[in-house]
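Enquirer: Pasting run.txt here (compact mmCIF, C-alpha atoms):
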```txt
# COMPACT_ATOMS: atom_id res chain seq x y z
CA MET A 1 0.00 0.00 0.00
CA THR A 2 1.34 3.38 -0.98
CA THR A 3 0.78 6.29 1.34
CA GLN A 4 0.44 9.73 -0.20
CA PRO A 5 1.95 12.73 1.57
CA ASP A 6 -0.49 14.74 3.63
CA ALA A 7 -1.17 17.94 1.69
CA THR A 8 -2.20 19.68 4.92
CA ALA A 9 1.08 18.91 6.70
CA PRO A 10 3.32 21.97 7.21
CA LEU A 11 6.24 22.24 4.84
CA ALA A 12 9.76 22.02 6.17
CA PRO A 13 11.11 25.50 6.95
CA PRO A 14 13.66 26.82 4.48
CA GLN A 15 17.30 26.66 5.46
CA PRO A 16 18.78 29.85 6.96
CA THR A 17 20.83 31.98 4.61
CA GLY A 18 24.27 30.49 4.09
CA ALA A 19 23.52 27.19 5.86
CA ALA A 20 23.52 25.11 2.67
CA GLY A 21 27.14 26.03 1.98
CA ARG A 22 28.29 24.76 5.37
CA ARG A 23 27.43 21.09 4.84
CA GLY A 24 27.99 18.28 2.34
CA PRO A 25 30.82 17.65 -0.14
CA PHE A 26 32.88 20.47 -1.58
CA GLN A 27 31.28 22.20 -4.56
CA PRO A 28 32.65 24.51 -7.30
CA GLY A 29 32.71 28.13 -6.15
CA GLU A 30 33.26 27.20 -2.50
CA ARG A 31 36.23 28.38 -0.45
CA VAL A 32 38.38 25.58 0.98
CA GLN A 33 41.19 25.87 3.52
CA LEU A 34 44.20 23.63 2.83
CA THR A 35 46.67 22.99 5.66
CA ASP A 36 50.05 21.36 5.00
CA ALA A 37 52.21 19.27 7.35
CA ARG A 38 53.87 22.39 8.79
CA GLY A 39 50.57 24.01 9.69
CA ARG A 40 50.64 26.56 6.87
CA MET A 41 47.14 27.37 5.63
CA HIS A 42 46.06 28.31 2.12
CA THR A 43 42.53 29.36 1.16
CA ILE A 44 41.42 28.56 -2.38
CA THR A 45 38.18 29.08 -4.30
CA LEU A 46 37.28 25.87 -6.12
CA ALA A 47 36.77 26.01 -9.90
CA VAL A 48 36.33 23.21 -12.39
CA GLY A 49 39.69 22.67 -14.10
CA GLY A 50 41.52 24.94 -11.64
CA GLU A 51 44.91 24.27 -10.07
CA PHE A 52 46.58 25.32 -6.82
CA HIS A 53 50.35 25.65 -7.09
CA THR A 54 52.84 25.61 -4.22
CA HIS A 55 56.62 25.77 -4.30
CA ARG A 56 56.49 21.96 -4.28
CA GLY A 57 53.82 20.42 -6.46
CA ARG A 58 50.24 21.35 -7.31
CA ILE A 59 46.71 20.29 -6.42
CA LEU A 60 43.96 19.91 -9.02
CA HIS A 61 40.67 21.50 -7.97
CA ASP A 62 38.79 18.61 -9.59
CA VAL A 63 40.37 16.27 -7.00
CA VAL A 64 39.02 18.43 -4.14
CA ILE A 65 35.52 18.88 -5.61
CA GLY A 66 33.23 16.17 -4.30
CA LEU A 67 35.34 15.29 -1.23
CA PRO A 68 33.65 15.47 2.18
CA ASP A 69 34.64 18.20 4.61
CA GLY A 70 37.69 17.17 6.65
CA SER A 71 39.39 15.09 3.95
CA THR A 72 43.08 14.70 3.22
CA LEU A 73 44.60 14.78 -0.25
CA THR A 74 48.04 14.59 -1.83
CA ASN A 75 49.61 16.98 -4.31
CA THR A 76 51.72 15.99 -7.29
CA ALA A 77 54.89 15.96 -5.13
CA GLY A 78 53.39 13.53 -2.61
CA GLU A 79 52.76 16.07 0.17
CA GLU A 80 49.55 15.70 2.18
CA PHE A 81 47.06 18.50 2.82
CA LEU A 82 44.03 18.66 5.11
CA ALA A 83 40.96 20.19 3.41
CA LEU A 84 38.37 21.98 5.56
CA ARG A 85 35.73 24.65 5.05
CA PRO A 86 36.97 27.92 6.58
CA LEU A 87 35.18 28.96 9.75
CA LEU A 88 33.76 32.47 9.98
CA SER A 89 36.78 33.46 12.08
CA ASP A 90 39.12 32.12 9.37
CA TYR A 91 37.25 33.99 6.66
CA VAL A 92 37.26 37.27 8.60
CA MET A 93 41.02 37.17 9.13
CA SER A 94 41.81 36.52 5.44
CA MET A 95 39.11 38.44 3.55
CA PRO A 96 39.80 41.72 1.69
CA ARG A 97 39.54 44.67 4.02
CA GLY A 98 39.43 48.42 3.62
CA ALA A 99 39.14 49.24 7.32
CA ALA A 100 40.42 47.38 10.36
CA VAL A 101 38.18 44.47 11.34
CA VAL A 102 36.70 43.56 14.71
CA TYR A 103 38.67 40.47 15.73
CA PRO A 104 36.76 37.22 16.35
CA LYS A 105 37.54 37.33 20.07
CA ASP A 106 35.77 40.68 20.35
CA ALA A 107 32.94 39.79 17.95
CA GLY A 108 32.10 36.77 20.11
CA GLN A 109 32.03 38.96 23.22
CA ILE A 110 29.73 41.46 21.48
CA VAL A 111 27.24 38.79 20.38
CA GLN A 112 27.17 37.26 23.87
CA TYR A 113 27.25 40.29 26.17
CA ALA A 114 24.97 42.38 23.96
CA ASP A 115 22.48 39.47 24.05
CA ILE A 116 21.97 39.45 20.26
CA PHE A 117 18.98 37.12 19.84
CA PRO A 118 17.15 35.64 16.80
CA GLY A 119 14.64 38.08 15.35
CA ALA A 120 16.18 41.12 17.05
CA THR A 121 16.36 44.56 15.46
CA VAL A 122 19.99 45.65 15.71
CA VAL A 123 21.61 48.94 14.66
CA GLU A 124 25.32 48.89 13.78
CA ALA A 125 27.72 51.74 13.00
CA GLY A 126 30.16 51.71 11.31
CA VAL A 127 30.38 48.77 9.00
CA GLY A 128 34.09 48.82 8.14
CA SER A 129 34.87 45.65 6.17
CA GLY A 130 31.81 43.71 7.39
CA ALA A 131 33.49 41.36 9.89
CA LEU A 132 31.20 42.16 12.82
CA SER A 133 28.17 42.45 10.51
CA MET A 134 28.45 38.78 9.53
CA SER A 135 28.51 37.67 13.20
CA LEU A 136 25.46 39.82 13.93
CA LEU A 137 23.58 38.47 10.91
CA ARG A 138 24.21 34.91 12.02
CA ALA A 139 22.88 35.70 15.49
CA ILE A 140 19.66 37.48 14.45
CA GLY A 141 18.81 35.06 11.61
CA ASP A 142 16.68 35.72 8.53
CA GLN A 143 13.75 36.99 10.62
CA GLY A 144 15.74 39.72 12.36
CA ARG A 145 16.88 43.11 11.08
CA LEU A 146 20.41 44.48 10.98
CA LEU A 147 20.46 48.17 10.10
CA SER A 148 24.06 49.15 9.41
CA PHE A 149 25.28 52.72 8.95
CA GLU A 150 28.56 53.66 7.30
CA ARG A 151 29.85 57.11 6.40
CA ARG A 152 32.01 55.92 3.49
CA ALA A 153 30.40 54.40 0.41
CA ASP A 154 33.57 52.47 -0.53
CA PHE A 155 33.70 50.76 2.87
CA ALA A 156 30.00 49.86 2.53
CA GLU A 157 30.62 48.26 -0.89
CA ILE A 158 33.56 46.22 0.43
CA ALA A 159 31.47 45.03 3.41
CA ARG A 160 28.55 44.00 1.16
CA GLY A 161 30.91 42.09 -1.13
CA ASN A 162 32.59 40.23 1.74
CA ALA A 163 29.24 39.21 3.26
CA ARG A 164 27.89 38.16 -0.15
CA THR A 165 30.92 35.91 -0.70
CA PHE A 166 30.57 34.27 2.72
CA PHE A 167 26.79 33.70 2.71
CA GLY A 168 26.60 32.95 -1.01
CA THR A 169 23.97 35.65 -1.55
CA ASP A 170 22.79 39.00 -0.16
CA HIS A 171 21.48 38.42 3.36
CA PRO A 172 17.75 39.27 3.54
CA ALA A 173 17.99 40.75 7.05
CA TRP A 174 20.70 43.28 6.20
CA THR A 175 20.27 46.91 5.17
CA VAL A 176 23.29 49.19 4.74
CA THR A 177 22.75 52.96 4.80
CA VAL A 178 25.51 55.35 3.77
CA GLY A 179 25.44 58.38 6.03
CA ASP A 180 26.07 59.72 9.51
CA LEU A 181 24.31 57.72 12.25
CA ALA A 182 23.20 60.72 14.29
CA GLU A 183 21.53 62.28 11.24
CA THR A 184 20.10 59.23 9.43
CA LEU A 185 19.04 56.98 12.32
CA PRO A 186 15.86 59.00 13.09
CA GLU A 187 14.92 58.77 9.39
CA VAL A 188 15.31 54.97 9.26
CA CYS A 189 14.04 53.83 12.69
CA GLU A 190 10.94 54.76 14.64
CA PRO A 191 11.53 55.87 18.25
CA GLY A 192 11.64 52.94 20.63
CA SER A 193 11.92 50.29 17.88
CA VAL A 194 15.52 49.05 18.22
CA ASP A 195 16.55 46.22 20.56
CA ARG A 196 20.34 46.56 20.41
CA VAL A 197 22.84 49.15 19.18
CA VAL A 198 26.47 48.30 18.38
CA LEU A 199 28.81 51.22 17.78
CA ASP A 200 32.32 50.78 16.33
CA MET A 201 33.25 54.36 15.56
CA LEU A 202 35.63 57.15 16.53
CA ALA A 203 33.28 59.23 18.70
CA PRO A 204 30.26 57.17 19.82
CA TRP A 205 29.37 59.71 22.54
CA GLU A 206 28.23 62.07 19.79
CA CYS A 207 25.38 59.65 18.90
CA LEU A 208 24.02 58.96 22.41
CA GLU A 209 20.96 61.17 21.96
CA ALA A 210 19.90 59.51 18.70
CA VAL A 211 20.61 56.06 20.12
CA ALA A 212 18.56 56.75 23.25
CA ASP A 213 15.55 57.77 21.16
CA ALA A 214 15.77 54.63 18.98
CA LEU A 215 16.25 52.05 21.77
CA VAL A 216 13.37 50.27 23.45
CA PRO A 217 13.23 50.54 27.27
CA GLY A 218 15.73 47.98 28.52
CA GLY A 219 17.54 47.93 25.17
CA LEU A 220 21.31 47.65 25.22
CA LEU A 221 24.07 49.81 23.80
CA ILE A 222 27.54 48.32 23.35
CA CYS A 223 30.51 50.34 22.06
CA TYR A 224 33.85 49.09 20.75
CA VAL A 225 36.61 51.67 21.20
CA ALA A 226 40.38 51.48 20.83
CA THR A 227 41.75 53.84 23.49
CA ALA A 228 41.18 54.63 27.15
CA THR A 229 40.42 58.23 26.16
CA GLN A 230 37.46 57.14 24.05
CA LEU A 231 36.34 54.74 26.79
CA SER A 232 36.22 57.57 29.32
CA ARG A 233 34.30 59.87 27.01
CA VAL A 234 31.65 57.22 26.29
CA ALA A 235 31.19 56.41 29.99
CA GLU A 236 30.92 60.04 31.06
CA GLY A 237 28.60 60.83 28.16
CA ALA A 238 26.21 58.03 29.12
CA LYS A 239 26.17 59.19 32.75
CA GLU A 240 25.58 62.80 31.75
CA HIS A 241 22.71 61.81 29.45
CA GLY A 242 20.77 60.37 32.38
CA GLY A 243 18.78 57.85 30.35
CA PHE A 244 21.21 54.94 30.69
CA THR A 245 22.26 52.57 33.44
CA GLU A 246 25.73 52.53 34.99
CA PRO A 247 28.22 51.61 32.20
CA HIS A 248 30.30 48.45 32.41
CA ALA A 249 33.64 48.22 30.57
CA TRP A 250 36.22 45.48 29.97
CA GLU A 251 38.76 44.12 27.51
CA THR A 252 39.60 40.58 26.41
CA ILE A 253 43.15 39.31 25.97
CA GLU A 254 43.61 36.05 24.08
CA ARG A 255 46.64 33.78 24.50
CA ASP A 256 47.16 30.51 22.62
CA TRP A 257 48.98 27.51 24.08
CA HIS A 258 51.64 25.29 22.53
CA LEU A 259 50.64 21.60 22.79
CA GLU A 260 53.27 19.03 21.85
CA GLY A 261 53.92 16.05 24.11
CA LEU A 262 55.05 17.31 27.51
CA ALA A 263 55.89 20.76 26.06
CA VAL A 264 52.62 22.38 27.14
CA ARG A 265 53.15 26.11 27.60
CA PRO A 266 51.85 29.49 26.41
CA VAL A 267 52.98 30.54 22.95
CA HIS A 268 55.55 33.29 22.74
CA ARG A 269 53.24 35.65 20.85
CA MET A 270 49.67 36.53 21.74
CA HIS A 271 46.73 38.71 20.73
CA GLY A 272 46.91 41.47 23.30
CA HIS A 273 44.85 44.63 23.34
CA THR A 274 42.57 45.14 20.35
CA GLY A 275 39.86 47.29 21.89
CA PHE A 276 37.65 48.05 24.89
CA LEU A 277 33.98 47.08 25.15
CA ILE A 278 31.49 49.10 27.18
CA THR A 279 27.80 48.34 27.70
CA THR A 280 24.85 50.23 29.18
CA ARG A 281 21.07 49.70 29.19
CA ARG A 282 18.32 52.16 28.19
CA LEU A 283 16.07 53.29 31.01
CA ALA A 284 12.33 53.78 30.57
CA PRO A 285 11.33 57.36 29.59
CA GLY A 286 11.21 59.67 32.59
CA VAL A 287 13.01 57.24 34.91
CA THR A 288 15.95 58.49 36.95
CA PRO A 289 18.64 55.92 37.74
CA PRO A 290 19.39 55.26 41.42
CA LEU A 291 22.18 57.39 42.80
CA ARG A 292 25.40 55.37 42.59
CA LYS A 293 27.35 55.52 45.84
CA ARG A 294 31.03 55.77 45.13
CA ARG A 295 34.01 57.57 46.60
CA PRO A 296 34.35 60.83 44.67
CA ALA A 297 37.48 61.26 42.61
CA LYS A 298 39.40 64.51 42.50
CA GLY A 299 38.33 66.51 39.45
CA PRO A 300 40.31 69.07 37.45
CA ASP A 301 40.95 72.45 39.01
CA ASP A 302 39.54 74.16 35.94
CA PRO A 303 35.91 73.10 35.24
CA GLU A 304 36.54 73.62 31.51
CA GLU A 305 39.53 71.29 31.53
CA GLN A 306 38.84 67.85 30.07
CA PRO A 307 40.37 64.57 31.28
CA PHE A 308 43.29 63.24 29.26
CA GLY A 309 43.62 66.66 27.61
CA VAL A 310 40.74 66.00 25.17
CA GLU A 311 39.14 69.04 23.61
CA VAL A 312 35.34 69.08 23.83
CA ASP A 313 34.55 70.29 20.33
CA ARG A 314 37.45 68.72 18.52
CA GLU A 315 36.59 66.43 15.61
CA TRP A 316 38.33 63.08 16.01
CA SER A 317 40.28 61.44 13.19
CA PRO A 318 41.59 57.87 12.74
CA GLU A 319 45.13 59.15 13.30
CA ASP A 320 44.12 60.39 16.78
CA VAL A 321 43.50 56.83 17.97
CA GLY A 322 46.44 55.26 16.14
CA GLU A 323 44.56 53.77 13.18
CA ARG A 324 46.41 53.26 9.90
CA VAL A 325 44.77 55.22 7.11
CA VAL A 326 44.29 53.22 3.92
CA SER A 327 45.05 55.06 0.68
CA ASP A 328 42.30 55.72 -1.85
CA LYS A 329 44.21 53.73 -4.47
CA ARG A 330 44.26 50.66 -2.24
CA LEU A 331 40.55 51.04 -1.47
CA ARG A 332 39.74 51.17 -5.17
CA LYS A 333 41.72 47.96 -5.69
CA ILE A 334 40.01 46.16 -2.80
CA ARG A 335 36.55 47.31 -3.92
CA ARG A 336 37.25 46.09 -7.47
CA THR A 337 38.47 42.75 -6.06
CA VAL A 338 35.37 42.21 -3.89
CA THR A 339 32.63 43.50 -6.19
CA GLY A 340 34.21 42.93 -9.60
CA GLU A 341 33.01 46.37 -10.65
CA ALA A 342 34.79 49.55 -11.63
CA PRO A 343 34.80 52.34 -8.99
CA PRO A 344 31.85 54.74 -9.23
CA PRO A 345 32.48 58.13 -10.87
CA ASP A 346 32.10 59.94 -7.53
CA MET A 347 34.82 57.90 -5.82
CA PRO A 348 37.76 60.18 -4.93
CA PRO A 349 40.82 59.95 -7.21
CA LYS A 350 44.23 58.86 -6.05
CA ARG A 351 45.70 61.23 -3.48
CA ARG A 352 49.05 62.71 -4.37
CA ASP A 353 50.14 62.54 -0.73
CA ALA A 354 49.96 58.71 -1.02
CA ASP A 355 52.97 58.72 -3.39
CA PRO A 356 56.21 57.41 -1.85
CA ALA A 357 58.80 59.92 -0.79
CA PRO A 358 61.82 60.42 -3.09
CA GLY A 359 64.47 57.78 -2.55
CA THR A 360 62.06 55.24 -0.98
CA ASP A 361 60.74 52.04 -2.49
CA PRO A 362 56.97 51.78 -2.83
CA ALA A 363 55.10 48.74 -1.53
CA PRO A 364 54.33 46.05 -4.11
CA ASP A 365 50.77 47.28 -4.60
CA GLY A 366 51.72 50.95 -4.58
CA ASP A 367 50.71 51.64 -0.95
CA PRO A 368 53.80 53.11 0.78
CA GLY A 369 54.52 52.36 4.39
CA GLU A 370 52.54 49.12 4.42
CA THR A 371 54.04 46.09 6.11
CA PRO A 372 54.09 42.66 4.45
CA ALA A 373 51.66 41.36 7.10
CA GLU A 374 49.16 44.13 6.32
CA ARG A 375 49.39 43.42 2.60
CA HIS A 376 48.93 39.71 3.27
CA THR A 377 45.55 40.11 5.00
CA ALA A 378 43.98 41.88 2.04
CA GLN A 379 45.31 39.88 -0.91
CA ASP A 380 42.17 37.80 -1.36
CA ASP A 381 41.77 38.23 -5.12
CA VAL A 382 38.66 36.38 -6.25
CA SER A 383 39.83 36.65 -9.85
CA THR A 384 42.45 33.93 -9.11
CA PRO A 385 41.55 30.48 -7.85
CA GLU A 386 43.92 30.41 -4.89
CA VAL A 387 44.83 32.72 -2.04
CA ASP A 388 47.29 32.31 0.80
CA GLN A 389 45.68 33.03 4.12
```
Let's see the structure in the file written out as structure tokens.
Expert:
Amino acid sequence: MTTQPDATAPLAPPQPTGAAGRRGPFQPGERVQLTDARGRMHTITLAVGGEFHTHRGRILHDVVIGLPDGSTLTNTAGEEFLALRPLLSDYVMSMPRGAAVVYPKDAGQIVQYADIFPGATVVEAGVGSGALSMSLLRAIGDQGRLLSFERRADFAEIARGNARTFFGTDHPAWTVTVGDLAETLPEVCEPGSVDRVVLDMLAPWECLEAVADALVPGGLLICYVATATQLSRVAEGAKEHGGFTEPHAWETIERDWHLEGLAVRPVHRMHGHTGFLITTRRLAPGVTPPLRKRRPAKGPDDPEEQPFGVEVDREWSPEDVGERVVSDKRLRKIRRTVTGEAPPPDMPPKRRDADPAPGTDPAPDGDPGETPAERHTAQDDVSTPEVDQ
């Protein structure tokens, strides 16, 4: 007897965006991470008929296609490689970048301590290269909303391209708006409609008023800042606003361990300070927070004097917090690599001050003053089938 499927039974829910590319055998167009016997990793994009060349032998892409995740294979010189799908943390550290990325150790802290939940409405500024955006999109799922704001159109294009490559398509929950958060947030979000706000920007204290209006009562604001000066300004700004709870700040330091037989010890190098995180919750309208009892600290003799010598009305720049400024020429190259499109007509031309000084050798890609490690992290050229991570 043959049973027919029940037409009234609910259909299986569709797979979340990007989930299909995380399971099953390797397929053409996928990124695969190859690790040799010395632990060196290479990330390649599989293509029918493609080849991956090393200084000793080569690997045919057709041999990798169809293998299950976690397989080993041998190149033409007899050397073995382990083939795995890159994790999100692997992809973030090797993808093309225009701005500095939020490291995985900090992205994980943001998702956890900001309580990013499925279906949440989250506001993010700025986008940078899209590293944190991808972690937030995974946490909120297809039913949530991630409203990202970025001042620079070229950074926004690079972030969209990186996320599209990782998920395999444009994520349905993501909207990127080019503009200043303080000015455009009221136009995009209704008051009291945002669950979480994540700020990765130079001067987040300038946006506290707009953020307070957008957050629901009990909503959470988390800021990622690089220096103690910025950390102090955010904390004092939240206290002065009066509509937030007592801020909480911390940093995370990550140290790997060497594991080989009885030689179990910390590695000689570690990921030290990358940034500070500070969180605070939105109070209900008209509510005054309880008076915090603390021993008063000695303030400046001059009421107009600011801590750390920071000027009140000064506009902050990336150089003020020690960030490396990427040249316009390099940004055009990265954007073309990620999107495969020519730069828009309104994109600024190459700056003359980016030319190397007389008597100095320019970097291989024309960006002076760039270290080999910095060039290495952004050399993910999708036009070629293989990329060293």
Enquirer: For the point (22.9, 44.4, 8.6) in the file's frame, write as a compact mmCIF listing (two decimals) with C-alpha atoms, in the coordinates of the input all residues with an atom no more than 6 Å away, counting all atoms listed in the file.
Expert:
```
# COMPACT_ATOMS: atom_id res chain seq x y z
CA SER A 133 28.17 42.45 10.51
CA LEU A 146 20.41 44.48 10.98
CA LEU A 147 20.46 48.17 10.10
CA SER A 148 24.06 49.15 9.41
CA TRP A 174 20.70 43.28 6.20
CA THR A 175 20.27 46.91 5.17
```
Enquirer: So how far away is CA of Ala228 (chain A) from CA of His248 (chain A), in Å?
Expert: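 Spanning CA of His248 (chain A) to CA of Ala228 (chain A) is a straight-line distance of 13.6 Å.
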Enquirer: Distance CA of Leu199 (chain A)-CA of Arg255 (chain A), one decimal place?
Expert: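 Separation between CA of Leu199 (chain A) and CA of Arg255 (chain A): 25.8 Å.
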Enquirer: Using only C-alpha atoms for the distances, tell me which of A:Ile59, A:Ala173, A:Leu136, A:Ile278 is nearest to His42 (chain A).
Expert: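 Of all the options, A:Ile59 lies closest to His42 (chain A).
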Enquirer: Here is a test: counting all atoms listed in the file, which residue of A:Phe155, A:Phe167, A:Trp205, A:Trp250 is nearest to Glu30 (chain A)?
Expert: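 For Glu30 (chain A), the nearest of the candidates is A:Phe167.
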Enquirer: Can you pull out every residue within 10 Å of Pro217 (chain A), counting only C-alpha atoms, but drop anything in the same chain fewer than 2 positions away, and send it as a list in words?
Expert: Gly192, Ser193, Val194, Asp195, Ala212, Asp213, Ala214, Leu215, Gly219, Leu220, Gly243, Phe244, Arg281, Arg282, Leu283, Ala284 and Pro285 of chain A
Enquirer: Please report the interatomic distance between CA of Glu157 (chain A) and CA of Gln27 (chain A) in Å with one decimal.
Expert: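 We find that CA of Glu157 (chain A) and CA of Gln27 (chain A) lie 26.3 Å from each other.
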Enquirer: Which residues are near His61 (chain A)? Cut-off 8 Å, all atoms listed in the file, ignore same chain within fewer than 5 positions. Put them as a list in words.
Expert: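 Using all atoms listed in the file, the neighbours found are Leu46, Ala47, Val48, Gly49, Gly50, Glu51 and Phe52 of chain A.
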Enquirer: Write a file of the selected residues as a PDB file, in the frame of the given file, keeping C-alpha atoms.
Expert:
```
ATOM      1  CA  LEU A  46      37.280  25.870  -6.120  1.00  0.00           C
ATOM      2  CA  ALA A  47      36.770  26.010  -9.900  1.00  0.00           C
ATOM      3  CA  VAL A  48      36.330  23.210 -12.390  1.00  0.00           C
ATOM      4  CA  GLY A  49      39.690  22.670 -14.100  1.00  0.00           C
ATOM      5  CA  GLY A  50      41.520  24.940 -11.640  1.00  0.00           C
ATOM      6  CA  GLU A  51      44.910  24.270 -10.070  1.00  0.00           C
ATOM      7  CA  PHE A  52      46.580  25.320  -6.820  1.00  0.00           C
TER       8      PHE A  52
END
```
Enquirer: Of the candidates A:Gly128, A:Gly141, A:Gly340, A:Gly57, which shows the shortest atom-to-atom distance to Glu79 (chain A), using only C-alpha atoms?
Expert: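 When distances to Glu79 (chain A) are compared using only C-alpha atoms, the smallest one comes from A:Gly57.
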Enquirer: Could you check which residues have any atom within 6 Å of (12.3, 44.0, 14.6), counting all atoms listed in the file with coordinates taken straight from the file, and then list them as a PyMOL selection string?
Expert: chain A and resi 120-121+144-145
Enquirer: Using only C-alpha atoms for the distances, tell me which of A:Val178, A:Glu80, A:Gln143, A:Arg85 is nearest to Val127 (chain A).
Expert: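 With only C-alpha atoms as the atom set, the closest residue is A:Val178.
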Enquirer: Pick from A:Cys189, A:Val111, A:Ile44, A:Cys207: nearest to Ala125 (chain A), with all atoms listed in the file counted?
Expert: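 With all atoms listed in the file as the atom set, the closest residue is A:Cys207.
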Enquirer: For each of A:Gly218, A:Gly261, A:Pro186, A:Gly24, take the minimum atom-to-atom distance to Asp115 (chain A), counting all atoms listed in the file, then give the residue where this is smallest.
Expert: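 Of the candidates, the smallest distance to Asp115 (chain A) is held by A:Gly218.
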